[in-house]
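See below for upload35.txt, which holds compact mmCIF, C-alpha atoms.
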```txt
# COMPACT_ATOMS: atom_id res chain seq x y z
CA MET A 1 113.84 81.03 83.72
CA THR A 2 110.64 82.71 82.65
CA ILE A 3 107.47 81.00 83.89
CA GLU A 4 104.78 81.16 81.24
CA ARG A 5 101.88 79.82 83.30
CA PHE A 6 101.82 79.68 87.09
CA PRO A 7 98.30 78.60 88.02
CA VAL A 8 97.65 79.56 91.65
CA GLU A 9 95.83 76.57 93.13
CA ALA A 10 94.17 76.19 96.55
CA SER A 11 95.86 72.86 97.37
CA HIS A 12 99.27 74.29 96.47
CA ILE A 13 98.71 77.29 98.78
CA MET A 14 97.59 74.88 101.54
CA MET A 15 100.74 72.75 101.17
CA PHE A 16 102.96 75.83 101.11
CA ALA A 17 101.27 77.26 104.23
CA ARG A 18 101.73 73.92 106.03
CA ALA A 19 105.40 73.90 105.08
CA ILE A 20 105.98 77.34 106.63
CA GLY A 21 103.89 76.34 109.66
CA ASP A 22 101.19 78.96 109.14
CA PRO A 23 97.65 77.84 110.08
CA ASN A 24 95.94 81.03 108.80
CA PRO A 25 92.46 79.92 107.58
CA ALA A 26 92.77 82.21 104.53
CA TYR A 27 95.46 79.84 103.24
CA ALA A 28 93.34 76.71 103.81
CA ASP A 29 90.67 77.82 101.32
CA GLY A 30 92.93 79.68 98.89
CA SER A 31 91.29 83.06 99.47
CA SER A 32 94.77 84.45 100.11
CA ALA A 33 98.36 83.24 99.84
CA PRO A 34 101.37 83.70 102.14
CA PRO A 35 103.59 86.70 101.27
CA THR A 36 106.37 84.42 100.00
CA PHE A 37 104.14 82.02 98.03
CA SER A 38 105.22 83.42 94.65
CA MET A 39 108.52 81.51 95.10
CA ALA A 40 106.53 78.31 94.51
CA GLY A 41 106.21 79.38 90.88
CA ALA A 42 109.47 77.40 90.55
CA GLN A 43 107.20 74.34 90.23
CA PHE A 44 106.03 75.70 86.87
CA ASP A 45 109.46 76.71 85.57
CA GLU A 46 110.24 74.05 82.96
CA ASP A 47 113.99 74.51 83.29
CA HIS A 48 114.23 74.99 87.05
CA PRO A 49 117.81 73.89 87.85
CA LEU A 50 116.93 72.82 91.40
CA ARG A 51 114.46 70.11 90.37
CA PRO A 52 115.66 66.65 89.27
CA LYS A 53 114.70 65.67 85.72
CA SER A 54 113.94 62.07 84.78
CA ASP A 55 116.30 62.09 81.81
CA ALA A 56 119.32 63.87 83.31
CA PRO A 57 121.83 63.16 86.11
CA TRP A 58 121.08 64.87 89.42
CA PHE A 59 123.76 66.35 91.65
CA GLY A 60 122.22 64.94 94.86
CA SER A 61 123.12 61.51 96.24
CA GLY A 62 122.05 58.10 94.95
CA ARG A 63 124.56 55.26 94.86
CA GLU A 64 127.27 57.87 95.39
CA PRO A 65 127.20 61.14 97.39
CA THR A 66 126.64 62.98 94.10
CA GLY A 67 125.19 61.79 90.83
CA VAL A 68 127.37 63.95 88.58
CA SER A 69 131.06 63.47 87.83
CA GLN A 70 131.93 67.08 88.45
CA VAL A 71 129.67 69.28 90.51
CA GLY A 72 129.76 72.80 89.18
CA ASP A 73 129.60 72.13 85.45
CA GLY A 74 127.25 74.37 83.58
CA ASP A 75 125.40 77.09 85.48
CA GLY A 76 127.98 77.53 88.22
CA ASP A 77 128.63 75.43 91.29
CA MET A 78 125.31 74.51 92.90
CA THR A 79 127.01 73.65 96.21
CA ARG A 80 128.28 77.21 96.56
CA ALA A 81 125.19 79.20 95.58
CA LEU A 82 123.23 80.68 98.48
CA HIS A 83 120.33 83.08 98.82
CA ALA A 84 121.56 86.43 100.17
CA GLU A 85 118.48 88.67 99.99
CA GLN A 86 114.86 88.52 98.89
CA HIS A 87 112.52 91.48 98.47
CA PHE A 88 108.90 91.60 97.37
CA GLU A 89 106.69 94.50 96.34
CA TYR A 90 103.01 93.64 96.40
CA HIS A 91 100.79 95.36 93.87
CA ARG A 92 97.68 93.13 93.95
CA PRO A 93 96.55 90.29 96.23
CA VAL A 94 97.19 86.67 95.20
CA HIS A 95 94.44 84.07 95.56
CA ALA A 96 93.55 80.65 94.18
CA GLY A 97 92.15 80.75 90.66
CA MET A 98 94.60 83.33 89.31
CA VAL A 99 97.10 82.43 86.63
CA LEU A 100 100.40 84.31 86.82
CA THR A 101 103.18 84.74 84.30
CA THR A 102 106.68 86.03 84.96
CA THR A 103 109.36 88.02 83.22
CA GLU A 104 112.89 88.18 84.58
CA ARG A 105 115.84 90.43 84.12
CA ASP A 106 119.33 90.38 85.58
CA GLY A 107 120.45 93.30 87.72
CA GLU A 108 123.86 94.22 89.13
CA THR A 109 126.76 91.93 90.05
CA TRP A 110 129.37 92.75 92.73
CA GLU A 111 132.04 91.07 94.85
CA LYS A 112 133.07 91.09 98.50
CA GLU A 113 135.59 89.28 100.69
CA SER A 114 134.34 87.54 103.83
CA LYS A 115 135.97 85.50 106.59
CA ARG A 116 133.15 82.94 106.70
CA GLY A 117 132.59 82.35 102.98
CA GLY A 118 135.80 83.49 101.22
CA ARG A 119 135.34 85.49 98.02
CA LEU A 120 131.66 86.28 97.57
CA ALA A 121 130.21 86.95 94.12
CA PHE A 122 126.75 88.54 94.34
CA PHE A 123 124.19 88.68 91.54
CA GLU A 124 120.79 90.34 91.40
CA ARG A 125 117.65 89.22 89.55
CA PHE A 126 114.29 90.97 89.18
CA THR A 127 111.08 89.03 88.51
CA GLU A 128 107.72 90.54 87.63
CA TYR A 129 104.61 88.44 88.27
CA ARG A 130 101.60 89.47 86.19
CA ASP A 131 97.98 88.29 86.12
CA VAL A 132 97.50 86.54 82.76
CA ALA A 133 93.79 87.49 82.66
CA THR A 134 94.29 91.24 83.09
CA GLY A 135 97.98 91.82 82.36
CA GLU A 136 98.19 93.68 85.68
CA LEU A 137 101.36 93.62 87.76
CA VAL A 138 100.83 91.50 90.91
CA ILE A 139 104.28 91.18 92.53
CA THR A 140 107.75 92.53 91.81
CA ALA A 141 110.51 90.40 93.33
CA ARG A 142 114.21 91.21 93.72
CA MET A 143 116.52 88.31 94.53
CA VAL A 144 120.18 88.59 95.48
CA GLY A 145 122.15 85.38 95.19
CA VAL A 146 125.74 84.79 96.26
CA GLU A 147 128.35 82.30 95.18
CA THR A 148 130.89 81.60 97.90
CA SER A 149 134.40 80.28 97.22
CA LYS A 150 134.09 77.73 100.08
CA ALA A 151 131.44 76.23 102.37
CA VAL A 152 130.31 79.01 104.72
CA GLU A 153 131.72 78.46 108.20
CA ARG A 154 129.36 78.21 111.12
CA MET B 1 94.40 97.74 111.73
CA LYS B 2 93.62 101.44 111.89
CA ALA B 3 96.29 104.10 111.48
CA SER B 4 95.10 105.67 114.75
CA GLU B 5 95.93 102.40 116.57
CA VAL B 6 99.56 102.37 115.45
CA GLU B 7 102.01 102.96 118.27
CA VAL B 8 105.48 103.60 116.91
CA GLY B 9 107.93 101.45 118.87
CA ALA B 10 105.36 98.72 119.59
CA SER B 11 106.82 95.28 119.16
CA ARG B 12 105.64 91.67 118.88
CA SER B 13 107.54 88.39 119.01
CA MET B 14 106.67 84.86 117.98
CA VAL B 15 108.46 81.53 118.25
CA LEU B 16 108.43 80.27 114.66
CA ALA B 17 110.03 76.90 115.25
CA ASP B 18 111.14 75.05 118.35
CA ASP B 19 113.54 72.25 117.36
CA LEU B 20 113.21 72.76 113.58
CA THR B 21 112.92 69.36 111.92
CA ARG B 22 114.43 68.00 108.73
CA THR B 23 110.88 66.93 107.83
CA GLN B 24 109.69 70.55 107.83
CA ILE B 25 112.60 71.48 105.57
CA VAL B 26 111.57 68.62 103.24
CA MET B 27 107.96 69.89 103.31
CA TYR B 28 109.23 73.30 102.21
CA ALA B 29 111.28 71.74 99.39
CA GLY B 30 108.19 69.89 98.15
CA ALA B 31 105.85 72.86 98.33
CA SER B 32 108.23 75.49 96.94
CA GLY B 33 109.88 73.39 94.24
CA ASP B 34 113.39 74.21 95.50
CA TYR B 35 114.81 70.66 95.69
CA ASN B 36 118.43 71.74 96.21
CA PRO B 37 119.97 68.69 97.98
CA LEU B 38 121.73 71.07 100.41
CA HIS B 39 118.38 71.16 102.23
CA SER B 40 117.42 67.48 102.33
CA ASP B 41 120.33 65.26 101.33
CA GLU B 42 122.68 64.78 104.31
CA LEU B 43 125.14 62.60 102.35
CA PHE B 44 125.56 65.14 99.55
CA THR B 45 125.66 68.13 101.90
CA THR B 46 128.31 66.69 104.22
CA LYS B 47 130.45 64.68 101.75
CA VAL B 48 130.31 66.86 98.63
CA ALA B 49 129.38 70.38 99.72
CA GLY B 50 131.33 70.26 103.01
CA TYR B 51 128.66 71.52 105.40
CA PRO B 52 128.11 69.97 108.86
CA SER B 53 124.51 69.00 107.97
CA VAL B 54 121.61 69.94 105.74
CA PHE B 55 120.22 73.41 106.45
CA ALA B 56 116.94 75.23 105.88
CA HIS B 57 116.08 77.21 102.77
CA GLY B 58 116.43 80.91 103.52
CA MET B 59 112.94 81.22 102.08
CA LEU B 60 111.57 78.85 104.73
CA THR B 61 112.75 81.27 107.42
CA MET B 62 111.45 84.27 105.46
CA GLY B 63 108.12 82.47 104.98
CA MET B 64 107.84 81.56 108.68
CA THR B 65 108.78 85.13 109.64
CA GLY B 66 106.03 86.46 107.37
CA ARG B 67 103.46 84.83 109.65
CA LEU B 68 104.29 87.33 112.39
CA LEU B 69 103.42 90.15 109.95
CA THR B 70 100.21 88.65 108.55
CA ASP B 71 99.01 87.61 112.04
CA TRP B 72 99.52 91.19 113.18
CA PHE B 73 98.34 93.21 110.15
CA GLY B 74 96.15 90.71 108.27
CA THR B 75 96.62 88.96 104.94
CA ASP B 76 96.97 91.05 101.77
CA ARG B 77 98.00 94.14 103.76
CA LEU B 78 101.71 94.12 102.93
CA VAL B 79 103.00 96.68 100.45
CA ARG B 80 106.52 95.31 100.59
CA TYR B 81 108.55 92.76 102.53
CA GLY B 82 112.26 92.18 102.12
CA VAL B 83 115.01 90.43 104.06
CA ARG B 84 118.69 89.63 104.10
CA PHE B 85 119.77 86.11 105.04
CA LEU B 86 122.54 86.62 107.58
CA GLY B 87 123.11 83.14 108.95
CA GLN B 88 122.19 79.58 108.17
CA VAL B 89 119.35 77.82 109.94
CA TRP B 90 120.05 74.22 111.00
CA PRO B 91 117.84 71.31 112.04
CA GLY B 92 117.23 71.59 115.78
CA ASP B 93 117.27 75.39 115.78
CA THR B 94 114.72 77.41 117.71
CA LEU B 95 113.72 80.53 115.80
CA THR B 96 112.08 83.61 117.24
CA ALA B 97 110.88 86.52 115.11
CA THR B 98 110.41 90.05 116.40
CA ALA B 99 108.68 92.88 114.55
CA THR B 100 108.82 96.53 115.64
CA LEU B 101 106.79 99.43 114.26
CA GLN B 102 109.19 102.10 113.01
CA ALA B 103 107.05 104.83 111.47
CA LEU B 104 103.54 105.73 110.42
CA ARG B 105 103.42 107.73 107.19
CA ASP B 106 101.46 108.32 104.00
CA GLU B 107 102.28 106.51 100.77
CA ASP B 108 100.27 107.29 97.63
CA GLY B 109 97.65 108.95 99.84
CA GLU B 110 97.21 105.92 102.10
CA PRO B 111 98.44 105.45 105.67
CA VAL B 112 101.17 102.81 105.91
CA VAL B 113 103.37 101.57 108.71
CA ASP B 114 107.06 100.70 108.32
CA ILE B 115 108.19 97.64 110.27
CA VAL B 116 111.62 96.25 111.15
CA VAL B 117 111.71 92.49 111.49
CA THR B 118 114.44 90.14 112.71
CA THR B 119 114.58 86.42 113.35
CA THR B 120 117.14 85.02 115.75
CA ASN B 121 118.18 81.51 116.72
CA GLN B 122 118.64 79.96 120.18
CA ASP B 123 122.14 81.52 120.46
CA GLY B 124 120.77 85.01 119.85
CA THR B 125 122.34 85.11 116.38
CA THR B 126 120.27 87.01 113.82
CA VAL B 127 119.55 84.72 110.86
CA VAL B 128 117.13 86.98 108.99
CA SER B 129 116.88 90.78 109.13
CA GLY B 130 114.47 92.83 107.09
CA THR B 131 111.82 95.46 106.70
CA ALA B 132 108.20 95.51 105.67
CA THR B 133 105.53 98.09 104.95
CA ALA B 134 101.86 97.41 105.64
CA ARG B 135 98.73 99.29 104.62
CA MET B 136 96.59 100.65 107.45
CA ASP B 137 92.93 101.60 107.46
CA PRO B 138 92.52 105.40 107.62
```

How does this structure look as C-alpha cells?
Amino acid sequence: MTIERFPVEASHIMMFARAIGDPNPAYADGSSAPPTFSMAGAQFDEDHPLRPKSDAPWFGSGREPTGVSQVGDGDGDMTRALHAEQHFEYHRPVHAGMVLTTTERDGETWEKESKRGGRLAFFERFTEYRDVATGELVITARMVGVETSKAVER
Amino acid sequence: MKASEVEVGASRSMVLADDLTRTQIVMYAGASGDYNPLHSDELFTTKVAGYPSVFAHGMLTMGMTGRLLTDWFGTDRLVRYGVRFLGQVWPGDTLTATATLQALRDEDGEPVVDIVVTTTNQDGTTVVSGTATARMDP
C-alpha cells in the first residue's frame, strides 16, 4: 500500500475542503491543506482496495447487490472492516506543489468482545509521509482498523 | 494565537452538519478516494452488509471536526490531531463539535496548547472523541 508519488494539487485540496464543508480561503488556493487531507493520498495508491478497477469485479452493487460471488475473499471481509482510530503528527505544513511519498508498517493487533459488533479484531498501521524534494518527514499517521464479526448495531 | 491569550477551560462549539446528506458523503468518497460502497451504495449496504443505510466515512467526521480547530488556531498550527470513532454517522444526522483547552505547556521549547475535542449527534451520542495539540505564538 505504499504510495510512491502523491502530488499535492490545488484543485484536489479544493475538492477535499468542499467535501468536508470547510470554506477556509487557504484551501481554495492551495496555500494550505486541511489536517486530514493526507488521507486523499489513497487516490495515488495503485492497489487501493477501496477503488473499483476497470478490469476486476467490484463488491458494490450493479445488476445484483454485490458484484462478487463471495464478499470477503482475499484481504478480509470489506463489509466488516471499520475505521476505529486515526492519529496524525504534523512535522511540516502541506501545500499545493509538494510531492509526497509514503512508507507503511504494520503495528500491533489485538482483540476485544463487544455487544454492538461481536468479536472485534483490531489492527494498527503506521504511515510516514515524506517530501520527495527534500526527504523531510511531513506527517506521521497511525490508523487503527477493526474487523467486526457482525454489522455493528445502532 | 498567543500563549498569553490561552485560557485553560475555554471552549468553542460549531455545528458541522445539519441534516447530513448522502451527497456530501459521496463528495467525500470522490475527494478522498475511499469508494467503499458502505458509504454510497444503499443496495449493497442494506442487502449485503446488513446495515440500515449507508453511513459516513469516519474520516469525513474527523475532517469536519478539524475545521473547528483550524478556525480557532489557524491553518498549519496543529502539532498533532487524533480521534477515536465511537459511533456511526448516518444521513440526516446533525453533528456538533466542541473543543476545550486543557493545558498550556512547552514542547521542544515552544508554547503549545492541548485540546480535547468531541463531536456529538442530535441524540447527544458522541461519535468522535479525540485530542489535538496546537502551536501558540510566544

Fewer than 3 positions away in the same chain doesn't count, so skip those; otherwise give me all residues within 6 Å of Gly60 (chain A), counting all atoms listed in the file, as a count of residues only.
4

Could you list, with a cut-off of 8 Å and counting only C-alpha atoms, the residues of chain A near chain B, each shown with its nearest atom pair and the distance in Å rounded to one decimal, rows sorted by chain and ascending number, as JSON lines?
```
{"residue": "A:His12", "atom": "CA", "partner": "B:Ala31", "partner_atom": "CA", "distance": 7.0}
{"residue": "A:Met15", "atom": "CA", "partner": "B:Ala31", "partner_atom": "CA", "distance": 5.8}
{"residue": "A:Phe16", "atom": "CA", "partner": "B:Ala31", "partner_atom": "CA", "distance": 5.0}
{"residue": "A:Arg18", "atom": "CA", "partner": "B:Met27", "partner_atom": "CA", "distance": 7.9}
{"residue": "A:Ala19", "atom": "CA", "partner": "B:Tyr28", "partner_atom": "CA", "distance": 4.8}
{"residue": "A:Ile20", "atom": "CA", "partner": "B:Met64", "partner_atom": "CA", "distance": 5.0}
{"residue": "A:Gly21", "atom": "CA", "partner": "B:Met64", "partner_atom": "CA", "distance": 6.6}
{"residue": "A:Asp22", "atom": "CA", "partner": "B:Arg67", "partner_atom": "CA", "distance": 6.3}
{"residue": "A:Asn24", "atom": "CA", "partner": "B:Asp71", "partner_atom": "CA", "distance": 8.0}
{"residue": "A:Ala26", "atom": "CA", "partner": "B:Thr75", "partner_atom": "CA", "distance": 7.8}
{"residue": "A:Ser32", "atom": "CA", "partner": "B:Thr75", "partner_atom": "CA", "distance": 6.9}
{"residue": "A:Ala33", "atom": "CA", "partner": "B:Thr75", "partner_atom": "CA", "distance": 7.9}
{"residue": "A:Pro34", "atom": "CA", "partner": "B:Gly63", "partner_atom": "CA", "distance": 7.4}
{"residue": "A:Pro35", "atom": "CA", "partner": "B:Gly66", "partner_atom": "CA", "distance": 6.6}
{"residue": "A:Thr36", "atom": "CA", "partner": "B:Gly63", "partner_atom": "CA", "distance": 5.6}
{"residue": "A:Phe37", "atom": "CA", "partner": "B:Ser32", "partner_atom": "CA", "distance": 7.8}
{"residue": "A:Met39", "atom": "CA", "partner": "B:Ser32", "partner_atom": "CA", "distance": 6.3}
{"residue": "A:Ala40", "atom": "CA", "partner": "B:Ser32", "partner_atom": "CA", "distance": 4.1}
{"residue": "A:Gly41", "atom": "CA", "partner": "B:Ser32", "partner_atom": "CA", "distance": 7.5}
{"residue": "A:Ala42", "atom": "CA", "partner": "B:Gly33", "partner_atom": "CA", "distance": 5.5}
{"residue": "A:Gln43", "atom": "CA", "partner": "B:Gly33", "partner_atom": "CA", "distance": 4.9}
{"residue": "A:Leu50", "atom": "CA", "partner": "B:Asn36", "partner_atom": "CA", "distance": 5.2}
{"residue": "A:Arg51", "atom": "CA", "partner": "B:Tyr35", "partner_atom": "CA", "distance": 5.4}
{"residue": "A:Pro52", "atom": "CA", "partner": "B:Tyr35", "partner_atom": "CA", "distance": 7.6}
{"residue": "A:Phe59", "atom": "CA", "partner": "B:Pro37", "partner_atom": "CA", "distance": 7.7}
{"residue": "A:Gly60", "atom": "CA", "partner": "B:Pro37", "partner_atom": "CA", "distance": 5.4}
{"residue": "A:Ser61", "atom": "CA", "partner": "B:Phe44", "partner_atom": "CA", "distance": 5.5}
{"residue": "A:Pro65", "atom": "CA", "partner": "B:Phe44", "partner_atom": "CA", "distance": 4.8}
{"residue": "A:Thr66", "atom": "CA", "partner": "B:Phe44", "partner_atom": "CA", "distance": 6.0}
{"residue": "A:Thr79", "atom": "CA", "partner": "B:Ala49", "partner_atom": "CA", "distance": 5.4}
{"residue": "A:Arg80", "atom": "CA", "partner": "B:Ala49", "partner_atom": "CA", "distance": 7.6}
{"residue": "A:His83", "atom": "CA", "partner": "B:Gly58", "partner_atom": "CA", "distance": 6.5}
{"residue": "A:Ala84", "atom": "CA", "partner": "B:Phe85", "partner_atom": "CA", "distance": 5.2}
{"residue": "A:Glu85", "atom": "CA", "partner": "B:Arg84", "partner_atom": "CA", "distance": 4.2}
{"residue": "A:Gln86", "atom": "CA", "partner": "B:Val83", "partner_atom": "CA", "distance": 5.5}
{"residue": "A:His87", "atom": "CA", "partner": "B:Gly82", "partner_atom": "CA", "distance": 3.7}
{"residue": "A:Phe88", "atom": "CA", "partner": "B:Tyr81", "partner_atom": "CA", "distance": 5.3}
{"residue": "A:Glu89", "atom": "CA", "partner": "B:Arg80", "partner_atom": "CA", "distance": 4.3}
{"residue": "A:Tyr90", "atom": "CA", "partner": "B:Val79", "partner_atom": "CA", "distance": 5.1}
{"residue": "A:His91", "atom": "CA", "partner": "B:Val79", "partner_atom": "CA", "distance": 7.1}
{"residue": "A:Pro93", "atom": "CA", "partner": "B:Asp76", "partner_atom": "CA", "distance": 5.6}
{"residue": "A:Val94", "atom": "CA", "partner": "B:Asp76", "partner_atom": "CA", "distance": 7.9}
{"residue": "A:Ala151", "atom": "CA", "partner": "B:Gly50", "partner_atom": "CA", "distance": 6.0}
{"residue": "A:Val152", "atom": "CA", "partner": "B:Tyr51", "partner_atom": "CA", "distance": 7.7}
{"residue": "A:Arg154", "atom": "CA", "partner": "B:Gln88", "partner_atom": "CA", "distance": 7.9}
```

Could you list, as an MDAnalysis selection string, every residue within 12 Å of Gly109 (chain B), counting all atoms listed in the file and ignoring same-chain residues fewer than 4 positions away?
chainID B and resid 105 135:138

Atom pair CA of Ser38 (chain A) / CA of Gly135 (chain A): separation (Å)
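Result for CA of Ser38 (chain A) versus CA of Gly135 (chain A): 16.6 Å, one decimal.
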
Can you measure CA of Ala56 (chain A) to CA of Ser69 (chain A) for me? One decimal in Å is fine.
12.6 Å

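Omitting region 89-99 of chain B and its sequence neighbours fewer than 3 positions away, and counting all atoms listed in the file, the residues within 6 Å are Ser11, Arg12, Ser13, Met14, Val15, Leu16, Ala17, Asp18, Asp19, Leu20, Thr21, Arg22, Phe55, Ala56, Val116, Val117, Thr118, Thr119, Thr120, Asn121 and Gln122 of chain B.
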
Quick one: pull the distance between CA of Leu137 (chain A) and CA of Pro111 (chain B), Å, one decimal.
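Atom-to-atom, CA of Leu137 (chain A) to CA of Pro111 (chain B), that is 21.7 Å.
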
For Trp72 (chain B), which residue out of B:Val127, B:Ala10, B:Ser4, B:His39 is the nearest one, using all atoms listed in the file?
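Result for the nearest residue to Trp72 (chain B): B:Ala10.
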
I need the residue nearest Thr148 (chain A) from this list: A:Arg130, A:Lys53, A:Arg125, A:Arg116. Use all atoms listed in the file for the distance.
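Distance minimum relative to Thr148 (chain A) lands on A:Arg116.
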
Calculated over only C-alpha atoms, which of the candidates B:Val113, B:Thr100, B:Ala134, B:Asp106 has the smallest distance to Val6 (chain B)?
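Among the listed residues, the smallest separation from Val6 (chain B) belongs to B:Val113.
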
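Shell of Val8 (chain A) at 6 Å, with all atoms listed in the file counted and residues fewer than 3 places along the chain excluded, is Ala96, Gly97, Met98 and Val99 of chain A.
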
Need to verify the contact set: Ser149 (chain A), 7 Å, all atoms listed in the file, exclusion of same-chain residues closer than 3 positions in sequence. Can you return it as a list in words?
Arg80, Gly117, Gly118, Arg119 and Leu120 of chain A
